[in-house]
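Have a look at structure.txt below; it lists compact mmCIF, C-alpha atoms.
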# COMPACT_ATOMS: atom_id res chain seq x y z
CA MET U 7 -80.93 36.57 174.97
CA GLU U 8 -81.44 35.88 178.65
CA ALA U 9 -78.44 36.72 180.81
CA PHE U 10 -78.95 33.62 183.00
CA ALA U 11 -80.73 30.36 182.24
CA LEU U 12 -80.89 26.76 183.38
CA ALA U 13 -80.68 24.15 180.64
CA SER U 14 -81.62 20.49 180.59
CA GLU U 15 -80.07 19.94 177.15
CA ARG U 16 -76.44 20.14 176.03
CA LEU U 17 -75.34 23.77 175.64
CA ASP U 18 -74.87 25.12 172.11
CA ILE U 19 -71.72 27.04 172.97
CA ASP U 20 -71.08 28.23 169.41
CA SER U 21 -74.55 29.80 169.35
CA LEU U 22 -74.00 31.45 172.74
CA ILE U 23 -70.70 32.91 171.55
CA ARG U 24 -72.34 34.22 168.35
CA GLN U 25 -75.00 35.93 170.46
CA LEU U 26 -72.25 37.76 172.36
CA ASP U 27 -70.70 39.04 169.13
CA ASP U 28 -70.07 42.77 169.40
CA PRO U 29 -67.72 44.75 167.14
CA ALA U 30 -66.98 47.12 170.05
CA ALA U 31 -65.76 44.24 172.25
CA GLY U 32 -62.03 43.69 172.13
CA ALA U 33 -62.27 40.95 174.74
CA LEU U 34 -64.30 37.77 174.90
CA VAL U 35 -63.66 35.71 178.04
CA LEU U 36 -65.20 32.24 178.34
CA PHE U 37 -65.45 29.83 181.25
CA HIS U 38 -66.36 26.21 180.58
CA GLY U 39 -67.00 24.35 183.86
CA ARG U 40 -66.76 20.69 182.86
CA VAL U 41 -67.54 17.46 184.67
CA ARG U 42 -64.19 15.97 185.68
CA ASN U 43 -63.40 12.29 186.18
CA HIS U 44 -62.27 12.55 189.81
CA HIS U 45 -63.02 14.21 193.14
CA GLN U 46 -61.08 13.79 196.36
CA GLY U 47 -59.33 10.67 195.13
CA ARG U 48 -62.47 8.94 193.83
CA ALA U 49 -63.19 8.09 190.20
CA VAL U 50 -66.26 10.01 189.02
CA THR U 51 -68.44 8.77 186.15
CA GLY U 52 -70.90 11.68 186.08
CA LEU U 53 -72.75 14.40 187.96
CA ASP U 54 -76.48 14.80 188.47
CA TYR U 55 -77.45 18.48 188.90
CA HIS U 56 -80.70 19.43 190.64
CA ALA U 57 -82.28 22.80 191.37
CA HIS U 58 -85.42 24.38 192.67
CA MET U 59 -86.11 25.56 189.12
CA ALA U 60 -88.20 28.67 189.80
CA LEU U 61 -86.02 29.84 192.67
CA ALA U 62 -82.73 29.12 190.84
CA ALA U 63 -83.91 30.88 187.68
CA ARG U 64 -85.11 33.90 189.65
CA GLU U 65 -81.95 34.15 191.77
CA GLY U 66 -79.70 33.59 188.75
CA SER U 67 -81.45 36.34 186.78
CA ARG U 68 -81.34 38.71 189.75
CA LEU U 69 -77.67 37.94 190.25
CA LEU U 70 -76.82 38.57 186.59
CA ASP U 71 -78.64 41.92 186.75
CA GLN U 72 -76.50 42.83 189.78
CA LEU U 73 -73.32 41.66 188.04
CA GLN U 74 -74.21 43.72 184.97
CA ALA U 75 -74.66 46.79 187.18
CA ALA U 76 -71.34 46.08 188.94
CA HIS U 77 -69.55 45.62 185.59
CA PRO U 78 -71.29 48.16 183.32
CA THR U 79 -68.66 47.96 180.57
CA CYS U 80 -69.30 44.21 180.14
CA ARG U 81 -71.99 41.98 178.73
CA ILE U 82 -72.35 38.82 180.84
CA VAL U 83 -74.20 35.61 179.98
CA ALA U 84 -74.31 32.42 182.08
CA ARG U 85 -75.86 28.99 181.64
CA HIS U 86 -76.02 26.10 184.10
CA ARG U 87 -77.02 22.56 183.22
CA ILE U 88 -79.54 20.51 185.14
CA GLY U 89 -79.78 16.73 184.96
CA MET U 90 -77.32 13.86 184.53
CA LEU U 91 -74.06 14.84 182.84
CA PRO U 92 -71.22 12.54 181.81
CA VAL U 93 -67.52 13.26 182.33
CA GLY U 94 -66.35 15.96 179.93
CA GLU U 95 -69.72 17.65 179.52
CA VAL U 96 -69.96 21.42 180.09
CA ALA U 97 -72.05 21.90 183.24
CA PHE U 98 -71.59 25.64 183.77
CA TRP U 99 -70.74 28.22 181.11
CA VAL U 100 -70.03 31.94 181.37
CA GLY U 101 -69.30 34.33 178.52
CA VAL U 102 -68.26 37.96 178.97
CA THR U 103 -67.50 40.65 176.41
CA SER U 104 -65.95 44.03 177.03
CA ALA U 105 -63.83 46.58 175.24
CA HIS U 106 -60.83 45.51 177.33
CA ARG U 107 -59.66 42.19 178.80
CA ALA U 108 -59.16 43.25 182.42
CA GLU U 109 -62.83 44.11 182.83
CA ALA U 110 -63.94 40.93 181.07
CA PHE U 111 -61.72 38.65 183.19
CA ALA U 112 -62.88 40.36 186.42
CA ALA U 113 -66.56 40.06 185.49
CA CYS U 114 -66.18 36.40 184.51
CA GLU U 115 -64.48 35.48 187.80
CA ASP U 116 -67.10 37.46 189.74
CA CYS U 117 -69.90 35.65 187.90
CA VAL U 118 -68.46 32.18 188.58
CA ARG U 119 -67.99 32.90 192.28
CA GLN U 120 -71.41 34.48 192.73
CA VAL U 121 -73.36 31.78 190.86
CA LYS U 122 -71.62 28.99 192.79
CA SER U 123 -72.28 30.67 196.12
CA ARG U 124 -75.80 32.04 195.61
CA VAL U 125 -77.83 30.04 193.08
CA PRO U 126 -79.57 26.98 194.60
CA ILE U 127 -78.15 24.20 192.44
CA TRP U 128 -77.08 20.90 193.99
CA LYS U 129 -75.01 18.08 192.59
CA LYS U 130 -74.87 14.37 193.19
CA GLU U 131 -71.67 12.59 192.19
CA HIS U 132 -71.73 9.14 190.64
CA TYR U 133 -68.61 7.02 191.19
CA SER U 134 -67.03 4.14 189.30
CA ASP U 135 -67.92 1.72 192.14
CA ALA U 136 -71.65 2.51 191.50
CA SER U 137 -71.98 4.53 194.73
CA THR U 138 -73.22 8.13 194.83
CA ALA U 139 -72.91 11.11 197.13
CA TRP U 140 -74.59 14.49 197.39
CA LEU U 141 -72.00 17.23 197.61
CA GLU U 142 -72.44 20.21 199.82
CA GLN U 143 -72.54 23.45 197.91
CA THR U 144 -69.07 24.85 197.61
CA VAL U 145 -69.30 28.34 198.97
CA LEU U 146 -66.62 30.42 197.36
CA LYS U 147 -65.72 33.82 198.69
CA ALA U 148 -68.14 36.09 196.91
CA GLU U 149 -67.66 39.78 197.48
CA PRO U 150 -70.91 41.73 197.88
CA LEU U 151 -72.11 43.38 194.68

Using C-alpha cells, write down the structure from this file.
Amino acid sequence: MEAFALASERLDIDSLIRQLDDPAAGALVLFHGRVRNHHQGRAVTGLDYHAHMALAAREGSRLLDQLQAAHPTCRIVARHRIGMLPVGEVAFWVGVTSAHRAEAFAACEDCVRQVKSRVPIWKKEHYSDASTAWLEQTVLKAEPL
C-alpha cells in the first residue's frame, strides 16, 4: 500500500484501516478531515480540491518517507481527495499504527501539519449564495523533519 496518494473517488476508509492491521500495534490513530458547512461566518455547500497531480504525488510520497524516518516505530498512511466534495465528505485522511499511543498521536499530528503546509493542494469553497472563493493554503507550523 502506498503511504501517500491522491484520490478522485470517495475513500474506502474501512479498507484503509484493514490495510493498517498489525497485531504488534497497540495503537491505531485516525484523522478524518471532513468538509464542514461553514467558514468564517459563511455557509459552505462544498469544496473543490485541485492539485498539480505529479508534483503533489511526488511531494506527498517524499514527505511520508521523511515522516516514516522521523517516526520509525509507526506506520503512516495518508490520502487526500481531489475534485468536488460535498459537506460531510472526508477530504483528508491519515492513519497511524504504533505499539503505543503517544507515538501514534505524535506522528498523526505531524503528518497533518506537514501535508497541509507542504503538499501543493488548493481548495475552492462554494457558498450557499452560489459564490465561490479560492482559499489561500493554510500554512500550519510544521517543524522540520

- Given the choices U:Leu17, U:Val125, U:Ala9, U:Leu151, which gets closest to Ile82 in chain U if the distance is worked out from all atoms listed in the file?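 Between U:Leu17, U:Val125, U:Ala9, U:Leu151, the residue approaching Ile82 in chain U most closely is U:Ala9.
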
- Message: For Ala33 in chain U, find every residue with an atom within 9 Å (counting only C-alpha atoms), except residues of its own chain fewer than 3 positions away, and show them as an MDAnalysis selection string.
- Response: chainID U and resid 102:111

- Shell of 6 Å around range 85-90 of chain U, only C-alpha atoms, local chain residues under 3 positions omitted, as JSON, numbers by chain: {"U": [10, 11, 12, 13, 14, 53, 54, 55, 56, 97, 98, 99]}

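The residue that comes closest to Tyr133 in chain U, out of U:Met59, U:Cys80, U:Ile23, U:Val93 and on the basis of only C-alpha atoms, is U:Val93.
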
- In Å, how far is it from CA of Asn43 in chain U to CA of Val121 in chain U?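 One can read the CA of Asn43 in chain U to CA of Val121 in chain U distance as 22.4 Å.
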
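Residues lying within 8 Å of range 126-128 of chain U, counting only C-alpha atoms and ignoring same-chain neighbours fewer than 5 positions away, are Tyr55, His56, Ala57, His58, Leu61, Ala62, Trp140, Leu141, Glu142 and Gln143 of chain U.
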
Missing atoms in range 54-75 of chain U need filling: write out N, CA, C and O atoms for it as a PDB file, in the frame of the given file.
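The resulting file, rebuild_27.pdb, is shown below:
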ATOM      1  N   ASP U  54     -75.049  14.590 188.641  1.00  0.00           N
ATOM      2  CA  ASP U  54     -76.480  14.800 188.470  1.00  0.00           C
ATOM      3  C   ASP U  54     -76.822  16.126 189.162  1.00  0.00           C
ATOM      4  O   ASP U  54     -76.749  16.218 190.392  1.00  0.00           O
ATOM      5  N   TYR U  55     -77.153  17.148 188.369  1.00  0.00           N
ATOM      6  CA  TYR U  55     -77.450  18.480 188.900  1.00  0.00           C
ATOM      7  C   TYR U  55     -78.952  18.640 189.114  1.00  0.00           C
ATOM      8  O   TYR U  55     -79.753  18.302 188.239  1.00  0.00           O
ATOM      9  N   HIS U  56     -79.316  19.168 190.285  1.00  0.00           N
ATOM     10  CA  HIS U  56     -80.700  19.430 190.640  1.00  0.00           C
ATOM     11  C   HIS U  56     -80.834  20.872 191.090  1.00  0.00           C
ATOM     12  O   HIS U  56     -79.879  21.454 191.612  1.00  0.00           O
ATOM     13  N   ALA U  57     -82.028  21.423 190.920  1.00  0.00           N
ATOM     14  CA  ALA U  57     -82.280  22.800 191.370  1.00  0.00           C
ATOM     15  C   ALA U  57     -83.756  22.952 191.678  1.00  0.00           C
ATOM     16  O   ALA U  57     -84.596  22.231 191.139  1.00  0.00           O
ATOM     17  N   HIS U  58     -84.052  23.891 192.533  1.00  0.00           N
ATOM     18  CA  HIS U  58     -85.420  24.380 192.670  1.00  0.00           C
ATOM     19  C   HIS U  58     -85.560  25.333 191.489  1.00  0.00           C
ATOM     20  O   HIS U  58     -85.044  26.453 191.529  1.00  0.00           O
ATOM     21  N   MET U  59     -86.185  24.866 190.400  1.00  0.00           N
ATOM     22  CA  MET U  59     -86.110  25.560 189.120  1.00  0.00           C
ATOM     23  C   MET U  59     -86.548  27.030 189.190  1.00  0.00           C
ATOM     24  O   MET U  59     -85.834  27.907 188.716  1.00  0.00           O
ATOM     25  N   ALA U  60     -87.710  27.290 189.761  1.00  0.00           N
ATOM     26  CA  ALA U  60     -88.200  28.670 189.800  1.00  0.00           C
ATOM     27  C   ALA U  60     -87.286  29.558 190.636  1.00  0.00           C
ATOM     28  O   ALA U  60     -86.940  30.677 190.227  1.00  0.00           O
ATOM     29  N   LEU U  61     -86.879  29.056 191.785  1.00  0.00           N
ATOM     30  CA  LEU U  61     -86.020  29.840 192.670  1.00  0.00           C
ATOM     31  C   LEU U  61     -84.636  30.053 192.038  1.00  0.00           C
ATOM     32  O   LEU U  61     -84.095  31.164 192.059  1.00  0.00           O
ATOM     33  N   ALA U  62     -84.062  29.009 191.458  1.00  0.00           N
ATOM     34  CA  ALA U  62     -82.730  29.120 190.840  1.00  0.00           C
ATOM     35  C   ALA U  62     -82.766  30.075 189.652  1.00  0.00           C
ATOM     36  O   ALA U  62     -81.855  30.899 189.484  1.00  0.00           O
ATOM     37  N   ALA U  63     -83.799  29.986 188.826  1.00  0.00           N
ATOM     38  CA  ALA U  63     -83.910  30.880 187.680  1.00  0.00           C
ATOM     39  C   ALA U  63     -84.060  32.335 188.129  1.00  0.00           C
ATOM     40  O   ALA U  63     -83.421  33.241 187.584  1.00  0.00           O
ATOM     41  N   ARG U  64     -84.893  32.541 189.134  1.00  0.00           N
ATOM     42  CA  ARG U  64     -85.110  33.900 189.650  1.00  0.00           C
ATOM     43  C   ARG U  64     -83.829  34.464 190.272  1.00  0.00           C
ATOM     44  O   ARG U  64     -83.432  35.591 190.001  1.00  0.00           O
ATOM     45  N   GLU U  65     -83.169  33.674 191.121  1.00  0.00           N
ATOM     46  CA  GLU U  65     -81.950  34.150 191.770  1.00  0.00           C
ATOM     47  C   GLU U  65     -80.831  34.348 190.754  1.00  0.00           C
ATOM     48  O   GLU U  65     -80.065  35.315 190.835  1.00  0.00           O
ATOM     49  N   GLY U  66     -80.716  33.441 189.787  1.00  0.00           N
ATOM     50  CA  GLY U  66     -79.700  33.590 188.750  1.00  0.00           C
ATOM     51  C   GLY U  66     -79.913  34.850 187.925  1.00  0.00           C
ATOM     52  O   GLY U  66     -78.963  35.590 187.639  1.00  0.00           O
ATOM     53  N   SER U  67     -81.150  35.131 187.554  1.00  0.00           N
ATOM     54  CA  SER U  67     -81.450  36.340 186.780  1.00  0.00           C
ATOM     55  C   SER U  67     -81.187  37.596 187.605  1.00  0.00           C
ATOM     56  O   SER U  67     -80.623  38.576 187.103  1.00  0.00           O
ATOM     57  N   ARG U  68     -81.596  37.563 188.866  1.00  0.00           N
ATOM     58  CA  ARG U  68     -81.340  38.710 189.750  1.00  0.00           C
ATOM     59  C   ARG U  68     -79.843  38.939 189.919  1.00  0.00           C
ATOM     60  O   ARG U  68     -79.348  40.065 189.858  1.00  0.00           O
ATOM     61  N   LEU U  69     -79.117  37.854 190.095  1.00  0.00           N
ATOM     62  CA  LEU U  69     -77.670  37.940 190.250  1.00  0.00           C
ATOM     63  C   LEU U  69     -77.012  38.518 189.001  1.00  0.00           C
ATOM     64  O   LEU U  69     -76.152  39.383 189.091  1.00  0.00           O
ATOM     65  N   LEU U  70     -77.419  38.054 187.822  1.00  0.00           N
ATOM     66  CA  LEU U  70     -76.820  38.570 186.590  1.00  0.00           C
ATOM     67  C   LEU U  70     -77.144  40.043 186.393  1.00  0.00           C
ATOM     68  O   LEU U  70     -76.301  40.794 185.896  1.00  0.00           O
ATOM     69  N   ASP U  71     -78.323  40.484 186.798  1.00  0.00           N
ATOM     70  CA  ASP U  71     -78.640  41.920 186.750  1.00  0.00           C
ATOM     71  C   ASP U  71     -77.687  42.694 187.660  1.00  0.00           C
ATOM     72  O   ASP U  71     -77.189  43.768 187.292  1.00  0.00           O
ATOM     73  N   GLN U  72     -77.420  42.168 188.847  1.00  0.00           N
ATOM     74  CA  GLN U  72     -76.500  42.830 189.780  1.00  0.00           C
ATOM     75  C   GLN U  72     -75.069  42.836 189.229  1.00  0.00           C
ATOM     76  O   GLN U  72     -74.355  43.833 189.358  1.00  0.00           O
ATOM     77  N   LEU U  73     -74.662  41.720 188.633  1.00  0.00           N
ATOM     78  CA  LEU U  73     -73.320  41.660 188.040  1.00  0.00           C
ATOM     79  C   LEU U  73     -73.200  42.657 186.901  1.00  0.00           C
ATOM     80  O   LEU U  73     -72.159  43.316 186.749  1.00  0.00           O
ATOM     81  N   GLN U  74     -74.238  42.769 186.085  1.00  0.00           N
ATOM     82  CA  GLN U  74     -74.210  43.720 184.970  1.00  0.00           C
ATOM     83  C   GLN U  74     -74.066  45.146 185.497  1.00  0.00           C
ATOM     84  O   GLN U  74     -73.311  45.941 184.944  1.00  0.00           O
ATOM     85  N   ALA U  75     -74.766  45.456 186.582  1.00  0.00           N
ATOM     86  CA  ALA U  75     -74.660  46.790 187.180  1.00  0.00           C
ATOM     87  C   ALA U  75     -73.263  47.019 187.771  1.00  0.00           C
ATOM     88  O   ALA U  75     -72.725  48.130 187.711  1.00  0.00           O
TER      89      ALA U  75
END
